[in-house]
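K.L.:
To be precise about what I am sending: the file is called input_20.txt and holds compact mmCIF, C-alpha atoms.
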# COMPACT_ATOMS: atom_id res chain seq x y z
CA MET A 30 0.00 0.00 0.00
CA SER A 31 1.73 3.15 -1.21
CA GLN A 32 -1.10 5.71 -1.15
CA HIS A 33 -1.76 7.84 1.92
CA LEU A 34 -4.79 7.06 4.05
CA SER A 35 -7.92 8.82 2.85
CA SER A 36 -10.07 10.93 5.15
CA ARG A 37 -12.52 8.04 5.35
CA GLU A 38 -9.77 5.59 6.24
CA ILE A 39 -8.45 7.88 8.96
CA SER A 40 -11.92 8.10 10.54
CA GLN A 41 -12.24 4.31 10.28
CA TRP A 42 -8.82 3.93 11.86
CA MET A 43 -9.94 6.08 14.80
CA MET A 44 -12.95 3.79 15.19
CA GLY A 45 -10.56 0.84 15.47
CA GLU A 46 -11.15 -0.51 11.96
CA ARG A 47 -7.85 -1.01 10.20
CA THR A 48 -6.34 -3.53 7.82
CA PRO A 49 -2.81 -5.03 8.12
CA GLN A 50 -1.86 -3.13 4.95
CA GLN A 51 -2.94 0.17 6.49
CA GLU A 52 -1.03 -0.60 9.69
CA GLN A 53 2.07 -1.34 7.65
CA HIS A 54 1.65 1.87 5.68
CA VAL A 55 1.22 4.00 8.82
CA CYS A 56 4.42 2.48 10.27
CA GLN A 57 6.34 3.53 7.18
CA CYS A 58 4.61 6.83 6.33
CA PRO A 59 5.51 9.79 8.59
CA GLU A 60 2.71 11.93 7.14
CA CYS A 61 -0.09 9.46 7.88
CA GLY A 62 1.53 8.63 11.22
CA ALA A 63 1.57 12.33 12.17
CA GLU A 64 -2.03 12.80 11.01
CA LEU A 65 -3.24 9.88 13.14
CA ALA A 66 -1.09 10.88 16.12
CA GLY A 67 -2.47 14.44 15.96
CA MET A 68 -6.05 13.16 15.88
CA GLU A 69 -5.42 10.72 18.72
CA ALA A 70 -3.75 13.44 20.78
CA ALA A 71 -6.66 15.85 20.23
CA LEU A 72 -9.19 13.20 21.29
CA ALA A 73 -7.09 12.28 24.34
CA LEU A 74 -6.92 15.96 25.24
CA PHE A 75 -10.67 16.22 24.84
CA ARG A 76 -11.19 13.20 27.11
CA GLY A 77 -8.85 14.71 29.69
CA SER A 78 -10.54 18.10 29.53
CA VAL A 79 -14.04 16.62 29.99
CA ARG A 80 -12.82 14.63 33.00
CA HIS A 81 -10.99 17.64 34.40
CA TRP A 82 -14.06 19.84 33.98
CA SER A 83 -16.34 17.19 35.47
CA ASP A 84 -14.07 16.51 38.46
CA GLY A 85 -14.00 20.23 39.22
CA GLN A 86 -17.76 20.43 39.62
CA SER A 87 -19.18 20.48 43.12
CA ARG A 88 -21.80 17.96 42.01
CA ALA A 89 -19.18 15.45 40.93
CA GLU A 90 -19.08 14.05 44.48
CA PRO A 91 -21.53 11.18 44.91
CA PRO A 92 -24.43 12.53 46.96
CA ALA A 93 -25.95 10.72 49.92
CA VAL A 94 -28.80 8.44 48.94
CA GLY A 95 -31.11 10.29 51.32
CA SER A 96 -30.51 13.57 49.51
CA ILE A 97 -31.31 11.91 46.17
CA LEU A 98 -34.59 10.60 47.55
CA ARG A 99 -35.42 13.98 49.11
CA ALA A 100 -34.55 15.87 45.94
CA ARG A 101 -36.68 13.49 43.94
CA GLY A 102 -39.50 13.85 46.47
CA SER A 103 -39.36 17.64 46.41
CA ARG A 104 -39.43 17.59 42.62
CA ALA A 105 -42.42 15.28 42.71
CA LEU A 106 -44.26 17.53 45.19
CA PRO A 107 -45.29 20.32 42.76
CA MET A 108 -46.48 17.65 40.35
CA ARG A 109 -48.61 16.10 43.10
CA TRP A 110 -50.10 19.50 43.93
CA ALA A 111 -50.82 20.11 40.28
CA LEU A 112 -52.55 16.73 39.98
CA ALA A 113 -54.57 17.43 43.14
CA ALA A 114 -55.63 20.82 41.75
CA VAL A 115 -56.68 19.23 38.47
CA ALA A 116 -58.68 16.57 40.35
CA LEU A 117 -60.42 19.29 42.40
CA LEU A 118 -61.25 21.24 39.27
CA VAL A 119 -62.72 18.16 37.65
CA LEU A 120 -64.79 17.41 40.76
CA ALA A 121 -66.05 21.01 40.86
CA ALA A 122 -66.81 20.98 37.16
CA VAL A 123 -68.99 17.84 37.30
CA PRO A 124 -72.02 19.44 39.08
CA VAL A 125 -71.78 22.54 36.89
CA TYR A 126 -71.72 20.37 33.78
CA ARG A 127 -74.67 18.33 35.05
CA ASN A 128 -76.63 21.54 35.79
CA VAL A 129 -76.02 22.86 32.31
CA GLN A 130 -77.08 19.53 30.82
CA GLU A 131 -80.27 19.51 32.93
CA ARG A 132 -81.14 23.05 31.81
CA GLN A 133 -80.59 22.10 28.18
CA ARG A 134 -82.80 19.03 28.62
CA GLN A 135 -85.60 21.10 30.19
CA ALA A 136 -85.37 23.71 27.44
CA GLU A 137 -85.64 20.93 24.87
CA ILE A 138 -88.76 19.54 26.57
CA ALA A 139 -90.32 23.03 26.70
CA ARG A 140 -89.65 23.53 22.99
CA ALA A 141 -91.21 20.15 22.17
CA ASP A 142 -94.27 21.00 24.32
CA ALA A 143 -94.71 24.34 22.58
CA LEU A 144 -94.51 22.67 19.17
CA LEU A 145 -97.10 20.08 20.17
CA LEU A 146 -99.45 22.78 21.44
CA GLU A 147 -99.09 24.67 18.17
CA GLN A 148 -100.02 21.52 16.25
CA VAL A 149 -103.03 20.90 18.50
CA ASP A 150 -104.16 24.53 18.04
CA ALA A 151 -103.89 24.17 14.30
CA GLU A 152 -105.97 20.99 14.33
CA VAL A 153 -108.62 22.49 16.64
CA SER A 154 -109.02 25.72 14.61
CA ARG A 155 -109.62 23.80 11.35
CA ALA A 156 -113.19 24.43 9.97
CA VAL A 157 -113.67 20.90 8.70
CA PRO A 158 -111.70 17.76 9.41
CA ARG A 159 -108.76 17.18 7.08
CA PRO A 160 -110.37 14.19 5.18
CA MET A 161 -113.36 16.37 4.26
CA GLU A 162 -111.37 19.27 2.87
CA PRO A 163 -111.57 18.07 -0.81
CA LEU A 164 -115.37 17.90 -0.56
CA VAL A 165 -115.56 21.42 0.78
CA LYS A 166 -113.50 22.62 -2.17
CA LEU A 167 -115.94 21.01 -4.61
CA VAL A 168 -118.99 22.83 -3.24
CA SER A 169 -117.36 26.19 -2.58
CA TRP A 170 -117.61 29.09 -5.09
CA ASP A 171 -116.16 32.49 -5.32
CA PHE A 172 -118.71 35.23 -4.66
CA SER A 173 -116.38 38.05 -5.39
CA ALA A 174 -116.05 36.96 -9.08
CA THR A 175 -119.87 37.25 -9.68
CA GLY A 176 -120.33 40.59 -8.05
CA GLY A 177 -121.84 39.06 -4.97
CA ARG A 178 -124.49 37.00 -6.97
CA ASP A 179 -124.91 33.31 -7.03
CA GLU A 180 -124.09 32.25 -10.61
CA LYS A 181 -126.52 29.29 -10.54
CA THR A 182 -129.58 30.98 -9.00
CA GLY A 183 -128.86 34.69 -9.71
CA ASN A 184 -129.88 35.42 -6.14
CA GLU A 185 -128.16 38.04 -4.05
CA GLU A 186 -125.75 36.62 -1.58
CA ILE A 187 -127.34 36.46 1.80
CA ARG A 188 -125.20 38.24 4.30
CA MET B 16 -21.65 -26.13 32.96
CA ALA B 17 -18.97 -24.09 34.64
CA THR B 18 -19.65 -21.29 32.14
CA SER B 19 -23.35 -21.15 32.87
CA GLY B 20 -22.54 -21.27 36.60
CA SER B 21 -20.18 -18.31 36.31
CA MET B 22 -22.74 -16.44 34.23
CA ILE B 23 -25.41 -16.97 36.87
CA ALA B 24 -22.96 -15.81 39.53
CA ALA B 25 -22.20 -12.67 37.52
CA VAL B 26 -25.88 -11.89 37.08
CA GLU B 27 -26.50 -12.41 40.79
CA ARG B 28 -23.55 -10.18 41.63
CA ARG B 29 -24.90 -7.42 39.36
CA ALA B 30 -28.40 -7.79 40.78
CA SER B 31 -27.12 -7.51 44.34
CA GLU B 32 -25.09 -4.43 43.34
CA ILE B 33 -28.25 -2.73 42.09
CA ASP B 34 -30.13 -3.71 45.24
CA ASP B 35 -27.83 -1.49 47.25
CA LEU B 36 -28.51 2.06 46.08
CA ASP B 37 -25.79 3.49 48.27
CA THR B 38 -23.10 1.29 46.69
CA LEU B 39 -24.53 1.89 43.24
CA VAL B 40 -24.25 5.66 43.65
CA ARG B 41 -20.79 5.49 45.20
CA LEU B 42 -19.38 3.29 42.43
CA HIS B 43 -20.94 4.83 39.35
CA TRP B 44 -21.97 8.40 40.17
CA LEU B 45 -18.93 10.09 38.68
CA ARG B 46 -19.20 8.35 35.34
CA VAL B 47 -22.92 8.96 34.93
CA PHE B 48 -22.57 12.58 36.03
CA ARG B 49 -19.61 13.14 33.68
CA PHE B 50 -21.48 11.72 30.71
CA ALA B 51 -24.54 13.84 31.51
CA LEU B 52 -22.36 16.91 31.96
CA ALA B 53 -20.54 16.37 28.67
CA SER B 54 -23.86 15.82 26.90
CA LEU B 55 -25.85 18.69 28.41
CA ARG B 56 -22.99 21.06 29.34
CA ASP B 57 -25.02 22.21 32.32
CA PRO B 58 -23.81 21.08 35.79
CA ASP B 59 -27.22 21.50 37.46
CA ALA B 60 -29.05 19.62 34.74
CA ALA B 61 -26.34 16.92 34.76
CA GLY B 62 -26.70 16.48 38.52
CA SER B 63 -30.45 16.24 38.21
CA VAL B 64 -30.22 13.69 35.38
CA ALA B 65 -27.69 11.62 37.35
CA GLN B 66 -29.99 11.57 40.39
CA ASP B 67 -32.94 10.52 38.26
CA CYS B 68 -30.79 7.88 36.60
CA PHE B 69 -29.89 6.16 39.87
CA LEU B 70 -33.41 6.35 41.21
CA ARG B 71 -34.86 4.94 38.03
CA ALA B 72 -32.26 2.17 38.03
CA TYR B 73 -33.05 1.32 41.63
CA ARG B 74 -36.80 1.37 41.14
CA SER B 75 -36.71 -0.74 37.99
CA ARG B 76 -34.04 -3.14 39.28
CA GLU B 77 -36.50 -6.03 38.89
CA GLN B 78 -36.35 -5.51 35.13
CA PHE B 79 -32.56 -5.78 34.99
CA ARG B 80 -31.86 -9.08 33.31
CA GLY B 81 -28.12 -8.96 33.81
CA ASP B 82 -27.42 -9.22 30.08
CA CYS B 83 -24.99 -6.30 30.28
CA SER B 84 -22.81 -4.73 32.95
CA THR B 85 -24.37 -2.50 35.61
CA GLU B 86 -22.49 0.44 34.15
CA THR B 87 -23.85 -0.15 30.66
CA TRP B 88 -27.35 -0.47 32.09
CA LEU B 89 -26.95 2.81 33.98
CA MET B 90 -25.64 4.46 30.82
CA ARG B 91 -28.67 3.21 28.91
CA ILE B 92 -30.94 4.90 31.44
CA ALA B 93 -28.79 8.04 31.37
CA VAL B 94 -28.92 8.19 27.55
CA ASN B 95 -32.73 8.09 27.66
CA LEU B 96 -32.95 10.70 30.40
CA ILE B 97 -30.56 13.03 28.60
CA ARG B 98 -32.58 12.66 25.41
CA ASP B 99 -35.80 13.49 27.29
CA HIS B 100 -34.13 16.41 29.02
CA ALA B 101 -32.79 17.80 25.76
CA ARG B 102 -36.26 17.58 24.20
CA ASN B 103 -37.86 19.35 27.14
CA ARG B 104 -35.20 22.02 26.98
CA ARG B 105 -35.92 22.59 23.32
CA LEU B 106 -39.51 23.38 24.28
CA GLN B 107 -38.42 25.76 27.02
CA PHE B 108 -36.68 28.02 24.56
CA TRP B 109 -36.37 30.88 27.02
CA LYS B 110 -34.09 28.75 29.15
CA ARG B 111 -31.58 28.40 26.38
CA ALA B 112 -29.90 31.65 27.16
CA GLN B 113 -29.54 30.71 30.81
CA THR B 114 -27.82 27.40 30.09
CA SER B 115 -24.25 27.73 31.20
CA ALA B 116 -22.01 27.46 28.21
CA VAL B 117 -18.70 25.69 28.39
CA ASP B 118 -15.91 28.02 29.34
CA LEU B 119 -13.32 26.98 26.79
CA GLU B 120 -10.70 29.09 28.59
CA ALA B 121 -11.22 27.01 31.72
CA VAL B 122 -11.29 23.80 29.75
CA GLY B 123 -8.07 24.77 27.98
CA ARG B 124 -6.28 25.02 31.32
CA CYS B 125 -6.09 21.26 31.48
CA VAL B 126 -3.69 21.21 28.53
CA PRO B 127 -0.36 20.18 30.07
CA ASP B 128 2.22 22.96 29.90
CA GLY B 129 5.25 21.00 31.05
CA GLY B 130 7.63 20.00 28.31
CA VAL B 131 5.77 21.66 25.44
CA SER B 132 6.61 24.92 23.76
CA PRO B 133 4.17 27.83 24.05
CA GLU B 134 3.44 27.38 20.35
CA SER B 135 2.60 23.68 20.74
CA GLY B 136 0.47 24.51 23.78
CA ALA B 137 -1.44 27.12 21.80
CA ILE B 138 -2.02 24.67 18.93
CA ALA B 139 -3.19 22.02 21.40
CA ARG B 140 -5.65 24.48 22.97
CA GLN B 141 -6.90 25.44 19.52
CA GLN B 142 -7.43 21.79 18.62
CA LEU B 143 -9.15 21.14 21.92
CA ALA B 144 -11.52 24.06 21.36
CA ALA B 145 -12.24 22.72 17.87
CA VAL B 146 -13.15 19.28 19.27
CA TRP B 147 -15.37 20.86 21.95
CA ASN B 148 -17.14 23.01 19.38
CA ALA B 149 -17.50 20.12 16.95
CA ALA B 150 -18.92 17.87 19.69
CA GLY B 151 -21.41 20.60 20.55
CA SER B 152 -22.63 20.88 16.98
CA LEU B 153 -23.12 17.14 16.44
CA SER B 154 -26.58 15.64 16.25
CA GLU B 155 -27.91 14.15 19.47
CA ARG B 156 -27.12 10.57 18.46
CA GLN B 157 -23.72 11.37 17.02
CA ARG B 158 -22.75 13.25 20.18
CA THR B 159 -23.93 10.42 22.43
CA VAL B 160 -21.95 7.84 20.49
CA PHE B 161 -18.90 10.11 20.26
CA LEU B 162 -18.87 10.82 24.02
CA LEU B 163 -19.42 7.20 24.98
CA ARG B 164 -16.55 6.13 22.71
CA PHE B 165 -13.98 8.84 23.30
CA VAL B 166 -14.74 10.04 26.82
CA GLU B 167 -16.12 6.92 28.45
CA ASP B 168 -13.92 4.50 26.49
CA MET B 169 -16.80 2.18 25.71
CA ASP B 170 -16.43 -0.25 22.81
CA LEU B 171 -18.94 -0.41 19.98
CA LEU B 172 -20.92 -3.31 21.44
CA GLU B 173 -21.23 -1.57 24.80
CA ILE B 174 -22.36 1.61 23.05
CA ALA B 175 -24.92 -0.39 21.10
CA ALA B 176 -26.23 -1.87 24.36
CA ALA B 177 -26.32 1.53 26.06
CA THR B 178 -28.06 3.34 23.23
CA GLY B 179 -30.30 0.56 21.97
CA MET B 180 -28.88 0.97 18.47
CA LYS B 181 -27.50 -1.79 16.27
CA GLU B 182 -23.73 -2.03 16.09
CA GLY B 183 -23.81 -0.97 12.43
CA THR B 184 -25.83 2.13 13.29
CA VAL B 185 -23.37 3.00 16.05
CA LYS B 186 -20.54 2.72 13.50
CA VAL B 187 -22.30 5.04 11.07
CA HIS B 188 -22.95 7.69 13.75
CA LEU B 189 -19.42 7.43 15.08
CA PHE B 190 -17.95 7.72 11.59
CA ARG B 191 -19.99 10.86 10.87
CA ALA B 192 -19.09 12.35 14.23
CA LEU B 193 -15.39 11.74 13.65
CA HIS B 194 -15.64 13.18 10.17
CA ALA B 195 -17.26 16.35 11.55
CA VAL B 196 -14.64 16.65 14.29
CA ARG B 197 -11.79 16.21 11.80
CA GLU B 198 -13.33 18.79 9.53
CA ARG B 199 -13.61 21.30 12.38
CA MET B 200 -10.03 20.58 13.45
CA GLY B 201 -8.84 21.12 9.89
CA ARG B 202 -10.59 24.49 9.77
CA SER B 203 -9.09 25.60 13.08
CA GLN B 204 -5.52 25.07 11.84
Let's see the structure in the file written out as structure tokens.

P.N.:
Amino acid sequence: MSQHLSSREISQWMMGERTPQQEQHVCQCPECGAELAGMEAALALFRGSVRHWSDGQSRAEPPAVGSILRARGSRALPMRWALAAVALLVLAAVPVYRNVQERQRQAEIARADALLLEQVDAEVSRAVPRPMEPLVKLVSWDFSATGGRDEKTGNEEIR
Amino acid sequence: MATSGSMIAAVERRASEIDDLDTLVRLHWLRVFRFALASLRDPDAAGSVAQDCFLRAYRSREQFRGDCSTETWLMRIAVNLIRDHARNRRLQFWKRAQTSAVDLEAVGRCVPDGGVSPESGAIARQQLAAVWNAAGSLSERQRTVFLLRFVEDMDLLEIAAATGMKEGTVKVHLFRALHAVRERMGRSQ
């Protein structure tokens, strides 16, 4: 292998994937060796800096188990209050909802009653029963068209 | 037979380790906290995630089948918690500005001065800043895989177990992360 490692091959090398040919090339090639050494050094420096930064934090010390449980409990407390408030709201809303539903139901009944009464009124105020209406039409004539005289008899309309 | 016996013993040992929350915290706190800190870059959030991680591990210890090490199992929980935390933080956009950014000056102080020229030290600090910046701009999965590999020294199979990804997927994310880091390092030179 005479060619230098490609960018892809260098990344693969850093992941631990390398062929014997590549290893041989890196041993013999100062350029590729320097490239890989620089990358490895930068990553080692990064690892060291993360650990250094983490170790310097006050929270890096393992806390007592009791404090973890308390912290967790105190975080859970607002959530419990929120859930309790929601439950109270739901409980308070149920009677209101039922009241509204009852009012709607009563209004519906009142509307239906009014409609029924209207229908009854209409039936009661009818001059002749509905089945006899065609017969009434057959025997009815229009006095206004004959000047108030009966066309068949010529008699004056009796008022 | 001896193999299955040793496997059972190992599982029992891990299970008993998880049963004792105090020991669990003492042995693994630093690693979980460090991973959370490197992922979130916020000491308070990292501490909170680490606490949640140990509590969740302790409370769900019955579900631990012992098919991986305790540390890998803790890391798996931490990965999920960090992901959830990052998502919540994205929603709380006003908190973004308050999140303590990494002080690269402070981080750069860990570059060893002894035996290197001022010029080499400056280059090393520049490279370090480039890696920090590149790690910060990686996608969530790439960053997780990158940190587990290069900060926590986990191998690909352990990372796969901790993240729930397939080994091939881990490789792809790690390759892309390394490519991005190398690109950033090249630009900083």

K.L.:
Could you list, with a cut-off of 8 Å and counting all atoms listed in the file, the residues of chain B near chain A, each shown with its nearest atom pair and the distance in Å rounded to one decimal, rows sorted by chain and ascending number, as a Markdown table?

P.N.:
| residue | atom | partner | partner_atom | distance |
| --- | --- | --- | --- | --- |
| B:Leu36 | CA | A:Val94 | CA | 7.0 |
| B:Asp37 | CA | A:Val94 | CA | 5.8 |
| B:Val40 | CA | A:Pro91 | CA | 6.3 |
| B:Arg41 | CA | A:Pro91 | CA | 5.7 |
| B:Trp44 | CA | A:Pro91 | CA | 5.5 |
| B:Leu45 | CA | A:Ala89 | CA | 5.8 |
| B:Phe48 | CA | A:Ala89 | CA | 6.6 |
| B:Arg49 | CA | A:Ser83 | CA | 5.5 |
| B:Leu52 | CA | A:Ser83 | CA | 7.0 |
| B:Ala53 | CA | A:Val79 | CA | 6.6 |
| B:Pro58 | CA | A:Gln86 | CA | 7.2 |
| B:Asp59 | CA | A:Arg88 | CA | 7.9 |
| B:Gly62 | CA | A:Arg88 | CA | 6.2 |
| B:Gln66 | CA | A:Ile97 | CA | 5.9 |
| B:Asp67 | CA | A:Arg101 | CA | 7.4 |
| B:Leu70 | CA | A:Leu98 | CA | 7.7 |
| B:Val122 | CA | A:Ser78 | CA | 5.8 |
| B:Gly123 | CA | A:Ser78 | CA | 7.3 |
| B:Cys125 | CA | A:Ser78 | CA | 5.8 |
| B:Val126 | CA | A:Leu74 | CA | 7.0 |
| B:Ala139 | CA | A:Ala71 | CA | 7.2 |
| B:Gln142 | CA | A:Ala71 | CA | 6.2 |
| B:Leu143 | CA | A:Phe75 | CA | 5.9 |
| B:Val146 | CA | A:Phe75 | CA | 6.8 |
| B:Trp147 | CA | A:Phe75 | CA | 7.2 |
| B:Phe165 | CA | A:Arg76 | CA | 6.4 |
| B:Val166 | CA | A:Arg76 | CA | 4.8 |
| B:Lys186 | CA | A:Met44 | CA | 7.8 |
| B:Leu189 | CA | A:Met44 | CA | 7.4 |
| B:Phe190 | CA | A:Ser40 | CA | 6.1 |
| B:Leu193 | CA | A:Ser40 | CA | 5.9 |
| B:His194 | CA | A:Ser40 | CA | 6.3 |
| B:Arg197 | CA | A:Met68 | CA | 7.7 |

K.L.:
Quick one: of B:Ile92, B:Ala195, B:Leu42, B:Val160, who's nearest to Ala145 in chain B, counting all atoms listed in the file?

P.N.:
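Distance minimum relative to Ala145 in chain B lands on B:Ala195.
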
K.L.:
Could you pull out every residue with an atom within 10 Å of (-30.5, 5.4, 36.4), file coordinates, counting all atoms listed in the file, and send them as a list in words?

P.N.:
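Those residues lying close to the given coordinates are Leu39, Val40, Trp44, Val47, Val64, Ala65, Gln66, Asp67, Cys68, Phe69, Leu70, Arg71, Ala72, Tyr73, Arg74, Ser75, Arg76, Glu86, Trp88, Leu89, Met90, Arg91, Ile92, Ala93, Val94, Asn95 and Leu96 of chain B.
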
K.L.:
Please measure the separation of CA of Gly183 in chain B and CA of Ala51 in chain B, giving the value in Å to one decimal.

P.N.:
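Spanning CA of Gly183 in chain B to CA of Ala51 in chain B is a straight-line distance of 24.2 Å.
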
K.L.:
Mind giving me the straight-line distance from CA of Gly201 in chain B to CA of Val187 in chain B in Å, one decimal?

P.N.:
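Atom-to-atom, CA of Gly201 in chain B and CA of Val187 in chain B are spaced 21.0 Å apart.
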
K.L.:
Calculate how many Å separate CA of Ala101 in chain B from CA of Leu153 in chain B, rounding to one decimal.

P.N.:
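Between CA of Ala101 in chain B and CA of Leu153 in chain B the gap is 13.4 Å.
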
K.L.:
Looking at A:Val125, A:Leu145, A:Leu118, A:Leu34, which one is nearest to Gln50 in chain A, with distances taken over only C-alpha atoms?

P.N.:
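Answer, going by the shortest atom-to-atom distance: A:Leu34.
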